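Take a look at the structure set out below.
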Amino acid sequence: LHRLETRERLRHVFSMVLVACGLCLFSIPFYPAAQIAESSPSEMESSETAQYVRRIILDGNKALNDSKLTELLGVEPGQRFDPQSISNALPRVLDEYKRLGYFFAEVDWERRPAEKNQVALYVKVSEGEMVKMGRIEFSGNTVFTEERLLEELSVTRLSIFNDSVFQKDMEGLLTLYSDSGHPLVKLDPSDIWIENGQLRMKIHIDEGPLVKIRSVQINGLKKTKAEILLRELTVSPGDVFDQREIDESLRRMNNIGYFQTVSMSFEIGRAHV
């Protein structure tokens, strides 16, 4: 049961669907990196009398020392008490914990009365366990071997999982497929679990069909002949979709200097664009 619960929490942390389509890469993350427990609405209400922070009480923080945690919170003794500012600072704290590998960290805070017009800020941290980087596997891949896909991943060479590096790796995989005739590929890295203190992941790949170029249409010309643009293209009808060649064609058309803007769009149907 603990393992199943951990998997479910990790799905919330990392679950995303990434789709490459032509020149566009869409990344739709659905993860709260960690949990934020904000104070109740009554805590957020402003008072007629300004209050000031008398002292700051930090509890439960070990990976972050008091100095660093206070810096991230952006509050210090003598400062005017601003509940909204404190709540806005909590994501910074959680981002730092993520960077250190604590993806289940939770932060709560409350205001405690002190002397007249003064409060004590109590911050409770539950860091959870550190997650180290483990093995990543793939399923559904036929165009590329698992060894080739792993070559695109930088996150596996880190000791601690880094979500920014991971998302760049996912974009790299999307580009790899898009450059090889599969711009409709989808990546689903939602199968995640902890094993021996390490994060393990299986990325499910829906490669989509092999896409070829059926036709090329040019719109918006007034004086310039379409042939001038067509001869700058490095792709032709019948070619397998290759994002690199499309990018090069767009660059060459922009370099002609005749046009204010040149853009491309795609209509995909029956494995053709």
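Convention: chains lettered A, B, ... in structure tokens order; per-chain residue numbering from 1; ligands numbered from 1 as shown.
Residues in contact with Asp242 of chain A at up to 6 Å, not including ones fewer than 3 positions away on its chain and judged by only C-alpha atoms, are Asp179, Ser180, Gly181 and Glu245 of chain A.
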Just C-alpha atoms for this one: save the residues we selected as a short mmCIF file (atom, residue, chain, number, x, y, z; two decimals), in the first residue's frame.
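New file again.cif:
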data_model
loop_
_atom_site.label_atom_id
_atom_site.label_comp_id
_atom_site.auth_asym_id
_atom_site.auth_seq_id
_atom_site.Cartn_x
_atom_site.Cartn_y
_atom_site.Cartn_z
CA ASP A 179 13.39 15.18 -37.21
CA SER A 180 12.77 11.58 -38.23
CA GLY A 181 9.26 11.83 -39.67
CA GLU A 245 14.81 20.70 -43.19
#
Could you tell me, as an MDAnalysis selection string, which residues of segment 176-243 of chain A DSSP assigns to strand (DSSP E or B) when given the backbone? chainID A and resid 186:195 198:206 212 240
Between atom CA of Ser263 of chain A and atom CA of Pro209 of chain A lies a distance of 24.8 Å
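Using only C-alpha atoms, the smallest distance between any of A:Lys168, A:His182, A:Lys222, A:Lys212 and Phe259 of chain A comes from A:Lys222.
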Need to verify the contact set: Ser139 of chain A, 10 Å, only C-alpha atoms, exclusion of same-chain residues closer than 3 positions in sequence. Can you return it as a ChimeraX atom specification? /A:142,146,188,202-206
Prev. selection, C-alpha atoms, output as a compact mmCIF listing (two decimals), in the first residue's frame:
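out-v7.txt was written with the following content:
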# COMPACT_ATOMS: atom_id res chain seq x y z
CA THR A 142 10.26 0.96 -32.45
CA GLU A 146 16.32 2.28 -25.82
CA ASP A 188 3.92 9.79 -21.22
CA LYS A 202 9.11 4.16 -17.50
CA ILE A 203 8.30 6.53 -20.38
CA HIS A 204 5.53 5.25 -22.64
CA ILE A 205 5.91 6.39 -26.25
CA ASP A 206 3.20 6.66 -28.88
Practice task
Could you tell me, as a ChimeraX atom specification, which residues of segment 78-179 of chain A DSSP assigns to alpha helix (DSSP H) when given the backbone?
Solution key: /A:83-99,146-151,163-178
Expressed in Å, the length from atom CA of Arg92 of chain A to atom CA of Ala50 of chain A is 25.7 Å
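Distances to Ala63 of chain A were evaluated for A:Ser190, A:Ser215, A:Ser178, A:Ser126 using only C-alpha atoms, and the minimum falls at A:Ser126.
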Computed gap from atom CA of Lys68 of chain A to atom CA of Ile86 of chain A is 14.9 Å
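Using only C-alpha atoms, the nearest neighbour of Val119 of chain A within the list A:Arg251, A:Lys186, A:Arg80, A:Arg200 is A:Arg80.
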